[in-house]
$ cat model-v4.txt   # compact mmCIF, C-alpha atoms
# COMPACT_ATOMS: atom_id res chain seq x y z
CA MET A 1 145.44 101.41 48.99
CA SER A 2 145.61 98.60 46.46
CA ALA A 3 143.99 98.90 43.06
CA PHE A 4 141.19 96.50 42.15
CA THR A 5 138.75 95.76 39.36
CA CYS A 6 135.33 97.22 40.11
CA ASP A 7 132.54 94.76 40.84
CA TYR A 8 130.04 97.07 39.15
CA ALA A 9 130.97 97.71 35.52
CA GLY A 10 129.60 101.27 35.71
CA ALA A 11 132.02 102.31 38.46
CA VAL A 12 135.58 103.56 38.48
CA PRO A 13 138.00 102.63 41.29
CA ALA A 14 138.82 105.05 44.10
CA PRO A 15 140.29 102.72 46.75
CA SER A 16 139.90 103.41 50.45
CA PRO A 17 142.10 101.73 53.09
CA ASN A 18 139.18 101.52 55.50
CA PHE A 19 137.89 97.96 55.24
CA GLY A 20 138.25 94.48 56.69
CA GLU A 21 136.95 90.95 56.27
CA ARG A 22 133.26 90.15 56.39
CA ALA A 23 132.61 88.20 59.59
CA GLY A 24 132.43 84.45 59.16
CA GLY A 25 132.63 84.61 55.39
CA ARG A 26 129.31 86.47 55.30
CA THR A 27 128.05 87.51 51.87
CA PRO A 28 125.98 90.69 51.49
CA ASP A 29 122.20 90.45 51.48
CA ILE A 30 121.45 94.10 52.30
CA VAL A 31 122.03 97.26 50.27
CA LEU A 32 122.29 100.20 52.66
CA LEU A 33 121.78 103.73 51.35
CA HIS A 34 123.27 106.85 52.92
CA TYR A 35 123.65 110.51 52.08
CA THR A 36 127.07 112.08 52.57
CA GLY A 37 125.74 114.99 54.66
CA MET A 38 128.74 117.19 53.85
CA GLU A 39 129.10 120.47 51.98
CA THR A 40 131.01 119.04 49.01
CA ALA A 41 131.43 115.73 47.27
CA GLU A 42 135.19 116.23 47.28
CA GLY A 43 135.27 116.65 51.06
CA ALA A 44 133.11 113.59 51.62
CA LEU A 45 135.15 111.41 49.27
CA LYS A 46 138.40 112.55 50.86
CA TRP A 47 137.07 111.68 54.33
CA LEU A 48 135.91 108.22 53.25
CA ARG A 49 139.39 107.51 51.90
CA ALA A 50 141.35 108.95 54.84
CA PRO A 51 142.85 106.32 57.19
CA GLU A 52 142.17 108.48 60.24
CA SER A 53 138.42 108.66 59.54
CA GLN A 54 137.85 104.92 60.09
CA VAL A 55 134.80 105.13 57.79
CA SER A 56 134.21 104.06 54.21
CA CYS A 57 131.61 102.64 51.86
CA HIS A 58 131.55 100.38 48.84
CA TYR A 59 130.18 102.92 46.37
CA PHE A 60 130.04 106.70 46.10
CA VAL A 61 127.47 108.25 43.75
CA HIS A 62 128.05 111.81 42.57
CA GLU A 63 125.29 114.26 41.68
CA ASN A 64 126.04 113.85 37.97
CA GLY A 65 125.66 110.06 38.20
CA ARG A 66 129.36 109.18 38.30
CA VAL A 67 129.93 106.09 40.47
CA GLU A 68 133.19 105.35 42.26
CA GLN A 69 134.00 102.14 44.12
CA LEU A 70 136.02 102.52 47.30
CA VAL A 71 135.92 98.98 48.71
CA ARG A 72 135.49 95.61 46.99
CA GLU A 73 132.11 94.01 47.61
CA ALA A 74 133.85 90.94 49.00
CA ASP A 75 135.24 93.11 51.80
CA ARG A 76 133.57 94.73 54.79
CA ALA A 77 133.32 98.51 54.43
CA TRP A 78 132.78 100.66 57.54
CA HIS A 79 129.60 102.63 56.97
CA ALA A 80 126.74 101.38 59.16
CA GLY A 81 128.12 101.83 62.67
CA LYS A 82 126.08 100.48 65.57
CA SER A 83 123.01 99.09 63.86
CA PHE A 84 120.40 96.33 63.74
CA TRP A 85 118.01 94.73 61.27
CA LYS A 86 115.97 91.55 61.78
CA GLY A 87 118.34 90.19 64.42
CA GLU A 88 121.50 91.15 62.52
CA VAL A 89 123.83 93.40 64.51
CA ASP A 90 126.87 93.40 62.20
CA ILE A 91 125.25 95.29 59.33
CA ASN A 92 128.67 96.11 57.86
CA SER A 93 129.33 92.40 57.29
CA ALA A 94 125.84 91.90 55.85
CA SER A 95 125.64 94.85 53.49
CA ILE A 96 126.86 96.83 50.52
CA GLY A 97 127.09 100.48 51.53
CA ILE A 98 126.27 103.22 49.04
CA GLU A 99 127.02 106.87 49.84
CA ILE A 100 124.95 109.33 47.78
CA VAL A 101 126.28 112.88 47.49
CA ASN A 102 123.76 115.17 49.18
CA ALA A 103 124.21 117.84 51.86
CA GLY A 104 121.35 116.25 53.78
CA HIS A 105 119.61 117.78 56.77
CA PRO A 106 122.63 119.96 57.68
CA GLY A 107 122.43 121.50 54.20
CA GLY A 108 118.66 121.97 54.07
CA LEU A 109 117.88 118.56 52.54
CA PRO A 110 118.26 119.42 48.84
CA ASP A 111 116.62 117.35 46.12
CA PHE A 112 118.50 114.43 44.60
CA PRO A 113 119.25 115.08 40.89
CA GLU A 114 117.63 112.83 38.29
CA LYS A 115 120.95 111.56 36.91
CA GLN A 116 122.10 110.65 40.39
CA ILE A 117 118.96 108.64 41.17
CA ASP A 118 119.18 106.91 37.78
CA ALA A 119 122.71 105.85 38.72
CA VAL A 120 121.62 104.65 42.17
CA VAL A 121 118.84 102.57 40.59
CA GLU A 122 121.21 100.89 38.12
CA LEU A 123 123.79 100.21 40.82
CA CYS A 124 121.21 98.71 43.19
CA LEU A 125 119.72 96.56 40.43
CA ASP A 126 123.17 95.27 39.52
CA CYS A 127 124.08 94.46 43.13
CA GLY A 128 120.71 92.81 43.63
CA ARG A 129 121.11 90.59 40.59
CA ARG A 130 124.63 89.50 41.42
CA TRP A 131 124.00 88.78 45.11
CA GLY A 132 120.34 87.78 45.03
CA ILE A 133 119.33 90.63 47.36
CA ALA A 134 115.58 90.79 48.04
CA PRO A 135 113.85 94.14 47.35
CA GLU A 136 112.88 94.57 51.02
CA ARG A 137 116.57 94.35 51.95
CA VAL A 138 117.35 97.70 50.28
CA LEU A 139 117.33 99.91 53.35
CA ALA A 140 118.04 103.38 54.67
CA HIS A 141 120.79 104.03 57.18
CA SER A 142 118.02 105.44 59.38
CA ASP A 143 116.18 102.10 59.26
CA VAL A 144 119.06 100.21 60.86
CA ALA A 145 120.06 103.01 63.26
CA PRO A 146 116.89 104.90 64.33
CA ILE A 147 117.43 108.10 66.34
CA ARG A 148 121.18 107.97 65.70
CA LYS A 149 120.89 108.39 61.92
CA VAL A 150 118.38 110.10 59.61
CA ASP A 151 119.90 109.51 56.16
CA PRO A 152 119.20 109.39 53.27
CA GLY A 153 116.25 111.42 54.56
CA GLU A 154 112.57 111.90 53.92
CA LYS A 155 113.15 113.50 50.51
CA PHE A 156 114.87 110.42 49.11
CA PRO A 157 112.61 109.07 46.29
CA TRP A 158 111.92 105.54 47.49
CA LYS A 159 108.72 105.38 45.42
CA ARG A 160 110.69 106.05 42.25
CA LEU A 161 113.25 103.38 43.14
CA HIS A 162 110.48 100.84 43.73
CA ALA A 163 108.90 101.65 40.37
CA ALA A 164 112.25 100.73 38.80
CA GLY A 165 112.46 97.45 40.71
CA VAL A 166 114.49 98.56 43.72
CA GLY A 167 113.27 98.37 47.31
CA HIS A 168 109.97 97.67 49.03
CA TRP A 169 107.08 100.12 48.94
CA VAL A 170 103.33 100.56 49.17
CA GLU A 171 101.50 103.83 48.62
CA PRO A 172 101.29 105.50 52.06
CA SER A 173 97.83 105.79 53.56
CA THR A 174 96.34 109.28 53.61
CA ILE A 175 97.10 111.32 56.71
CA ALA A 176 93.83 111.97 58.53
CA GLY A 177 92.39 112.17 62.02
CA GLY A 178 91.49 109.33 64.34
CA ARG A 179 93.18 107.51 67.17
CA PHE A 180 96.94 107.67 67.51
CA PHE A 181 99.70 106.58 69.87
CA GLN A 182 102.64 108.62 71.05
CA LYS A 183 105.43 108.79 73.60
CA GLY A 184 104.12 108.07 77.10
CA ASP A 185 101.27 105.81 76.02
CA ALA A 186 101.16 102.18 77.10
CA GLY A 187 99.07 99.06 76.66
CA GLN A 188 98.25 96.25 74.26
CA PRO A 189 97.81 98.45 71.17
CA VAL A 190 101.34 99.82 71.67
CA GLU A 191 102.62 96.26 72.06
CA ALA A 192 100.91 95.31 68.79
CA LEU A 193 102.57 98.27 67.04
CA GLN A 194 105.97 97.28 68.44
CA THR A 195 105.44 93.71 67.26
CA MET A 196 104.70 94.89 63.71
CA LEU A 197 107.79 97.12 63.66
CA SER A 198 109.90 94.22 64.95
CA LEU A 199 108.50 91.87 62.34
CA TYR A 200 109.45 94.31 59.63
CA GLY A 201 113.01 94.48 60.98
CA TYR A 202 113.37 97.45 63.31
CA ALA A 203 115.24 97.22 66.62
CA ILE A 204 112.56 97.60 69.27
CA GLU A 205 111.63 96.15 72.66
CA ILE A 206 108.12 94.68 72.73
CA ASP A 207 107.00 95.85 76.17
CA GLY A 208 103.82 97.83 75.48
CA VAL A 209 105.44 101.14 76.46
CA TYR A 210 105.71 103.93 73.88
CA SER A 211 109.24 104.89 74.83
CA GLU A 212 111.81 107.11 73.15
CA LYS A 213 113.11 104.04 71.31
CA THR A 214 109.62 103.24 70.01
CA GLU A 215 109.16 106.85 68.96
CA GLY A 216 112.50 106.70 67.14
CA ALA A 217 111.58 103.50 65.30
CA VAL A 218 108.25 105.00 64.23
CA ALA A 219 109.99 108.15 62.98
CA ALA A 220 112.52 106.04 61.04
CA PHE A 221 109.67 104.07 59.49
CA GLN A 222 107.88 107.28 58.54
CA ARG A 223 111.05 108.79 57.07
CA HIS A 224 111.28 105.84 54.66
CA PHE A 225 107.68 104.80 54.06
CA ARG A 226 105.39 107.73 55.05
CA PRO A 227 107.62 110.77 54.49
CA ALA A 228 104.87 113.40 54.28
CA ARG A 229 104.98 113.72 58.08
CA VAL A 230 107.85 112.49 60.23
CA ASP A 231 106.87 113.05 63.86
CA GLY A 232 107.25 109.70 65.63
CA ILE A 233 103.51 109.56 66.33
CA ALA A 234 101.78 106.35 65.27
CA ASP A 235 98.63 107.64 63.59
CA PHE A 236 96.29 105.57 61.40
CA SER A 237 98.29 106.42 58.25
CA THR A 238 101.52 105.11 59.79
CA ILE A 239 99.99 101.93 61.24
CA ASP A 240 98.00 101.09 58.11
CA THR A 241 101.02 101.64 55.85
CA LEU A 242 103.11 99.37 58.08
CA HIS A 243 100.42 96.70 58.07
CA ARG A 244 100.19 96.72 54.27
CA LEU A 245 103.98 96.54 53.91
CA LEU A 246 104.07 93.50 56.18
CA SER A 247 101.25 91.89 54.19
CA ALA A 248 103.18 92.50 50.98
CA LEU A 249 106.30 90.65 52.17
CA PRO A 250 106.61 87.31 50.35
CA ARG A 251 107.22 85.27 53.47
CA LEU A 252 104.55 87.00 55.56
CA GLY A 253 101.87 87.74 52.99
CA ALA A 254 98.66 85.80 52.78
$ encode --input "model-v4.txt" --output "structure tokens"
Amino acid sequence: MSAFTCDYAGAVPAPSPNFGERAGGRTPDIVLLHYTGMETAEGALKWLRAPESQVSCHYFVHENGRVEQLVREADRAWHAGKSFWKGEVDINSASIGIEIVNAGHPGGLPDFPEKQIDAVVELCLDCGRRWGIAPERVLAHSDVAPIRKVDPGEKFPWKRLHAAGVGHWVEPSTIAGGRFFQKGDAGQPVEALQTMLSLYGYAIEIDGVYSEKTEGAVAAFQRHFRPARVDGIADFSTIDTLHRLLSALPRLGA
């Protein structure tokens, strides 16, 4: 593991051997956020730096706000796995991966400490400035790998990040009654929902059938943008929130 100078001035080096070249000279235009999902920070950091693990990330953010850099931003860290966003299938080559220390769902989904989120905000802002990364390209691991991944989870404070200039967000619509769509449904309204999810970036087949994959994409969307209820059911709150997010995108807005 060779030493390097950290790209982010607020980080300290903790080199991992698990990296390669970004495909085709690709530069990052996504920031991908994860939680570690392990009992201890020490165990997670050791695993990300172990050659046999074949996983890594660019940055590792401790609960007290300490930031360590494991892989240079110019290199391809191994954190996303099989994933997709807006036609991109090599998310590792397209992204900067940030692991945030949190026991996650296996540990009861604990809150993220204030100092830790402050550090994540500053790191994301710095990466965004240096690489010109658009706010809507700050994503959850669960966004690019629905069903397979659920991190950083529904308790991650996306609203707070957006208020600080990181990520894309609109206030979720109130959960209420009314018509909804769920697994097993089919027809034009389901096709319209799938089209909206695809336009936002999710991997989904537009076939008008509310399949397990559609349910997974809806749940991933809810986990990020409508976290009060994550059930994979497309109710009015979910659909309206998605519509307003699409309308707020610079290239798709009115």
$ atom_distance --input "model-v4.txt" --atom1 "CA of Phe156 in chain A" --atom2 "CA of Pro110 in chain A"
9.6 Å
$ residues_around --input "model-v4.txt" --residues "range 165-171 of chain A" --least-positions-apart "4" --cutoff "7 Å" --atoms "all atoms listed in the file" --output "VMD selection string"
chain A and resid 121 124 to 125 135 to 138 159 161 225 245
$ write_last_selection --input "model-v4.txt" --atoms "C-alpha atoms" --output "short mmCIF file (atom, residue, chain, number, x, y, z; two decimals), in the coordinates of the input"
data_model
loop_
_atom_site.label_atom_id
_atom_site.label_comp_id
_atom_site.auth_asym_id
_atom_site.auth_seq_id
_atom_site.Cartn_x
_atom_site.Cartn_y
_atom_site.Cartn_z
CA VAL A 121 118.84 102.57 40.59
CA CYS A 124 121.21 98.71 43.19
CA LEU A 125 119.72 96.56 40.43
CA PRO A 135 113.85 94.14 47.35
CA GLU A 136 112.88 94.57 51.02
CA ARG A 137 116.57 94.35 51.95
CA VAL A 138 117.35 97.70 50.28
CA LYS A 159 108.72 105.38 45.42
CA LEU A 161 113.25 103.38 43.14
CA PHE A 225 107.68 104.80 54.06
CA LEU A 245 103.98 96.54 53.91
#
$ closest_residue --input "model-v4.txt" --among "A:Asp29, A:Glu73, A:Glu39, A:Asp231" --to "Tyr8 in chain A" --atoms "all atoms listed in the file"
A:Glu73
$ atom_distance --input "model-v4.txt" --atom1 "CA of Pro106 in chain A" --atom2 "CA of Gly37 in chain A"
6.6 Å
$ closest_atom_pairs --input "model-v4.txt" --of "range 94-197 of chain A" --to "range 53-66 of chain A" --cutoff "6 Å" --atoms "all atoms listed in the file" --output "Markdown table"
| residue | atom | partner | partner_atom | distance |
| --- | --- | --- | --- | --- |
| A:Gly97 | CA | A:Cys57 | CA | 5.0 |
| A:Ile98 | CA | A:Tyr59 | CA | 4.7 |
| A:Glu99 | CA | A:Phe60 | CA | 4.8 |
| A:Ile100 | CA | A:Val61 | CA | 4.9 |
| A:Val101 | CA | A:His62 | CA | 5.3 |
| A:Lys115 | CA | A:Gly65 | CA | 5.1 |
| A:Gln116 | CA | A:Gly65 | CA | 4.2 |
| A:Ala119 | CA | A:Gly65 | CA | 5.2 |
$ closest_residue --input "model-v4.txt" --among "A:Val144, A:Phe4, A:His105, A:Ala94" --to "Arg26 in chain A" --atoms "all atoms listed in the file"
A:Ala94
$ atom_distance --input "model-v4.txt" --atom1 "CA of Trp78 in chain A" --atom2 "CA of His162 in chain A"
26.2 Å
$ closest_residue --input "model-v4.txt" --among "A:Ile117, A:Ala145, A:Val89, A:Leu246" --to "Arg160 in chain A" --atoms "all atoms listed in the file"
A:Ile117
$ closest_residue --input "model-v4.txt" --among "A:Arg148, A:His243, A:His79, A:Arg179" --to "Leu32 in chain A" --atoms "only C-alpha atoms"
A:His79
$ closest_residue --input "model-v4.txt" --among "A:Thr5, A:Ser211, A:Thr36, A:Asn102" --to "Val71 in chain A" --atoms "all atoms listed in the file"
A:Thr5
$ closest_residue --input "model-v4.txt" --among "A:Pro189, A:Gly216, A:Gly107, A:Pro113" --to "Thr40 in chain A" --atoms "only C-alpha atoms"
A:Gly107
$ residues_near_point --input "model-v4.txt" --point "(134.7, 91.2, 61.3)" --cutoff "10 Å" --atoms "all atoms listed in the file" --output "list in words"
Phe19, Gly20, Glu21, Arg22, Ala23, Gly24, Gly25, Arg26, Asp75, Arg76, Asp90, Asn92 and Ser93 of chain A
